[in-house]
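Trainee: Next up is a structure, given as structure tokens.
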Amino acid sequence: MVAVRRAIAPLLLAGALLLTGCEEDTPAAPAPAPVVTRTVTPTPTTVTPSPVVPPAPPSSAAAPPVAPVASGKVVVLDPGHNGGNGSHSAEINRLVPAGRGQTKPCNTTGTSTNAGYPEHAFTWDVSQRVGEALSAKGIRVVYTRQNDTGVGPCVDKRAAAGNDANADAVVSIHADGSNAPGATGFHVAYSSPPLNAAQGAPSTRLAQTLRDTMRTGGFSVSNYIGGNGLSARADLGGLNLSTRPIALVECGNMRNAAEAARMSSAEGRQQFASAIAAAIEAYLAS
């Protein structure tokens with residue numbers, strides 16, 4: 001038995017060596033990597049939306065026109081007297097209806113500065129400037145006379161111009177010629193007592209608006225006629241015969257040296273016109 005064990009031992013040793021060699025030739029499988037579980041908390045992100053910009057209109061599209069506040073209104077401007085009146089005395093002295101059962105001469109020549117600048121030229125120039133300002137605001141302007149070389153028209157025809165045009169406002173533009181010492185300032189005349197509804201509150205409001213706006217524009221109220229820049233009149237044909245809101249503004253005294261200088265200059269006439277136009281616009285908007 002001992003002999004047999006000694007014979008088998010070498011064989012067992014050789015088999016063990018053979019098995020060991022096979023295990024070294026085959027690479028061992030790598031151990032699996034450990035699984036690591038990690039919780040990630042997302043960082044909140046604030047997203048500001050881009051403003052929505054409307055698409056631009058086609059280049060051919062034009063913006064709609066904006067209508068002036070007073071668009072569609074009608075104003076009649078009555079420049080006092082006329083350049084041809086002085087050479088047509090018979091025509092301007094004939095009597096015409098003047099309201100309240102009265103008759104009066106058709107028209108007069110008007111006054112002038114001591115240097116000879118005539119009222120008719122002053123009123124014509126100022127009226128044209130007022131009309132241009134109003135027309136630029138979409139207001140239709142009608143004049144009682146078309147130039148400064150004609151005759152008349154008579155006071156009844158001047159009133160008819162405002163009535164026929166269905167005017168929203170009628171403003172007669174004049175200048176005074178008082179020789180009273182120190183007489184200065186403007187005043188606004190209106191029909192009183194009124195003969196119809198238009199001569200009542202509407203005409204009074206127009207007169208007050210003219211007074212207030214001219215005073216704000218730097219003109220002083222009269223110190224010799226009326227009261228606080230207003231003069232109630234019952235003897236003016238153009239006012240008596242009107243069925244539309246109407247007022248007559250005497251811009252100042254042409255016989256006063258300081259006011260005459262202002263009226264004789266283009267700059268001064270523009271100042272009068274700007275104030276009158278502003279007053280008419282304010283009246284129409286009220």
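Labels for the structure tokens follow display order: chains A, B, ..., residues from 1 in each chain, ligands from 1.
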Extract, using only C-alpha atoms, all DNA, RNA and protein residues at most 10 Å from stretch 254-265 of chain A, discarding same-chain residues fewer than 4 positions from it, and format them as a PyMOL selection string.
Mentor: chain A and resi 111-119+121-123+126+175-186+219+250+269-272
Trainee: Next, write the just-selected residues to a file, as a compact mmCIF listing (two decimals), in the first residue's frame, keeping N, CA, C and O atoms as the atom set.
Mentor:
# COMPACT_ATOMS: atom_id res chain seq x y z
N THR A 111 -61.64 155.38 -39.01
CA THR A 111 -60.71 156.37 -38.47
C THR A 111 -59.29 156.08 -38.97
O THR A 111 -59.10 155.27 -39.90
N SER A 112 -58.30 156.70 -38.34
CA SER A 112 -56.90 156.48 -38.73
C SER A 112 -56.01 156.95 -37.59
O SER A 112 -56.45 157.63 -36.66
N THR A 113 -54.73 156.60 -37.69
CA THR A 113 -53.77 157.14 -36.73
C THR A 113 -53.50 158.59 -37.11
O THR A 113 -53.84 159.06 -38.19
N ASN A 114 -52.87 159.31 -36.20
CA ASN A 114 -52.53 160.71 -36.50
C ASN A 114 -51.55 160.80 -37.67
O ASN A 114 -51.46 161.82 -38.34
N ALA A 115 -50.82 159.70 -37.92
CA ALA A 115 -49.87 159.68 -39.04
C ALA A 115 -50.54 159.27 -40.35
O ALA A 115 -49.89 159.26 -41.40
N GLY A 116 -51.83 158.91 -40.28
CA GLY A 116 -52.57 158.61 -41.50
C GLY A 116 -52.75 157.14 -41.83
O GLY A 116 -53.28 156.82 -42.90
N TYR A 117 -52.33 156.24 -40.95
CA TYR A 117 -52.56 154.82 -41.22
C TYR A 117 -54.03 154.51 -40.98
O TYR A 117 -54.55 154.69 -39.86
N PRO A 118 -54.76 154.06 -42.02
CA PRO A 118 -56.23 153.96 -41.92
C PRO A 118 -56.71 152.70 -41.22
O PRO A 118 -56.09 151.64 -41.28
N GLU A 119 -57.85 152.86 -40.58
CA GLU A 119 -58.49 151.73 -39.89
C GLU A 119 -58.81 150.60 -40.86
O GLU A 119 -58.62 149.42 -40.53
N ALA A 121 -57.29 149.57 -43.47
CA ALA A 121 -56.10 148.77 -43.79
C ALA A 121 -55.72 147.90 -42.60
O ALA A 121 -55.33 146.73 -42.76
N PHE A 122 -55.84 148.46 -41.40
CA PHE A 122 -55.53 147.69 -40.19
C PHE A 122 -56.48 146.50 -40.05
O PHE A 122 -56.04 145.37 -39.82
N THR A 123 -57.78 146.74 -40.18
CA THR A 123 -58.74 145.65 -39.99
C THR A 123 -58.61 144.58 -41.06
O THR A 123 -58.78 143.39 -40.79
N VAL A 126 -55.34 142.49 -40.19
CA VAL A 126 -55.54 141.64 -39.02
C VAL A 126 -56.51 140.50 -39.35
O VAL A 126 -56.29 139.34 -38.96
N ALA A 175 -61.05 149.32 -35.04
CA ALA A 175 -60.17 150.09 -34.15
C ALA A 175 -60.88 151.41 -33.89
O ALA A 175 -61.61 151.91 -34.75
N ASP A 176 -60.70 151.97 -32.72
CA ASP A 176 -61.41 153.19 -32.34
C ASP A 176 -60.57 154.42 -32.65
O ASP A 176 -59.37 154.32 -32.95
N GLY A 177 -61.21 155.60 -32.58
CA GLY A 177 -60.52 156.85 -32.86
C GLY A 177 -60.91 157.95 -31.90
O GLY A 177 -61.33 159.03 -32.33
N SER A 178 -60.76 157.70 -30.62
CA SER A 178 -61.15 158.69 -29.61
C SER A 178 -60.05 159.73 -29.41
O SER A 178 -58.87 159.39 -29.31
N ASN A 179 -60.48 160.99 -29.32
CA ASN A 179 -59.54 162.07 -29.03
C ASN A 179 -59.55 162.45 -27.55
O ASN A 179 -58.93 163.44 -27.16
N ALA A 180 -60.24 161.66 -26.74
CA ALA A 180 -60.26 161.95 -25.30
C ALA A 180 -58.85 161.82 -24.74
O ALA A 180 -58.12 160.88 -25.08
N PRO A 181 -58.42 162.74 -23.90
CA PRO A 181 -57.06 162.68 -23.36
C PRO A 181 -56.79 161.36 -22.62
O PRO A 181 -57.59 160.94 -21.77
N GLY A 182 -55.72 160.71 -22.98
CA GLY A 182 -55.32 159.48 -22.31
C GLY A 182 -56.15 158.26 -22.66
O GLY A 182 -55.98 157.20 -22.05
N ALA A 183 -57.07 158.39 -23.63
CA ALA A 183 -57.94 157.25 -24.00
C ALA A 183 -57.09 156.13 -24.59
O ALA A 183 -56.34 156.33 -25.56
N THR A 184 -57.22 154.96 -24.01
CA THR A 184 -56.42 153.82 -24.48
C THR A 184 -57.14 152.52 -24.17
O THR A 184 -58.05 152.48 -23.33
N GLY A 185 -56.72 151.45 -24.82
CA GLY A 185 -57.24 150.12 -24.52
C GLY A 185 -58.29 149.63 -25.50
O GLY A 185 -58.87 150.40 -26.27
N PHE A 186 -58.54 148.32 -25.43
CA PHE A 186 -59.53 147.68 -26.31
C PHE A 186 -60.84 147.48 -25.55
O PHE A 186 -60.89 147.47 -24.31
N PHE A 219 -52.97 142.77 -23.83
CA PHE A 219 -53.65 144.01 -24.20
C PHE A 219 -54.46 144.52 -23.00
O PHE A 219 -55.09 143.73 -22.28
N GLU A 250 -63.09 146.32 -30.74
CA GLU A 250 -62.34 147.54 -31.03
C GLU A 250 -60.95 147.32 -30.44
O GLU A 250 -60.76 147.36 -29.23
N ARG A 269 -49.67 143.94 -35.48
CA ARG A 269 -50.90 143.39 -36.06
C ARG A 269 -50.95 141.87 -35.89
O ARG A 269 -52.02 141.30 -35.68
N GLN A 270 -49.80 141.23 -35.93
CA GLN A 270 -49.78 139.78 -35.69
C GLN A 270 -50.15 139.47 -34.25
O GLN A 270 -50.82 138.47 -33.98
N GLN A 271 -49.76 140.33 -33.32
CA GLN A 271 -50.13 140.12 -31.92
C GLN A 271 -51.64 140.23 -31.73
O GLN A 271 -52.25 139.42 -31.03
N PHE A 272 -52.24 141.22 -32.37
CA PHE A 272 -53.71 141.33 -32.31
C PHE A 272 -54.35 140.09 -32.92
O PHE A 272 -55.29 139.51 -32.35
Trainee: Among stretch 116-259 of chain A, which residues carry a DSSP assignment of helix (DSSP H, G or I), reported as an NGL selection string?
Mentor: :A and (119-135 or 155-164 or 201-216 or 237-240 or 257-259)
Trainee: As number ranges by chain, please: the residues near A:Gly227 (cut-off 12 Å, only C-alpha atoms, same-chain neighbours under 5 positions excluded).
Mentor: A: 185-189, 208, 211, 221-222, 232
Trainee: Leaving out A:Trp124 and any residue of its chain fewer than 3 positions from it, which residues lie within 10 Å of it when counting only C-alpha atoms, given as a list in words?
Mentor: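 That gives Leu77, Asp78, Pro79, Gly80, His81, Asn82, Gly83, Glu119, His120, Ala121, Ser127, Gln128, Arg129, Val130, Tyr143, Arg145, Gln146, Asn147, Asp148, Ile173 and His174 of chain A.
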Trainee: Excluding A:Arg158 and residues on its chain fewer than 2 positions from it, collect all residues at most 12 Å away from it, counting only C-alpha atoms, and give them as a ChimeraX atom specification.
Mentor: /A:76-81,96-98,106-107,142-146,152-156,160-165,170-172,236-243,246
Trainee: What's around A:Gly200 at 12 Å? Count only C-alpha atoms, leave out sequence neighbours fewer than 2 positions away in its own chain, and write the answer as a PyMOL selection string.
Mentor: chain A and resi 190-198+202-207+232+239-240+242-247
Trainee: Go through A:Ala285, A:Gly150, A:Gly72, A:Ser135 one by one, measure the shortest atom-to-atom distance of each to A:Thr109 using only C-alpha atoms, and give the residue with the smallest value.
Mentor: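 Answer, going by the shortest atom-to-atom distance: A:Gly150.
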Trainee: Select, from A:Asn228, A:Thr209, A:Thr149, A:Asn253, the residue with the minimum atom-to-atom distance to A:Ala169, counting only C-alpha atoms.
Mentor: A:Thr209
Trainee: Kindly indicate which residue among A:Gly268, A:Asp125, A:Ala159, A:Val151 lies nearest to A:His88, using only C-alpha atoms for the distances.
Mentor: A:Val151
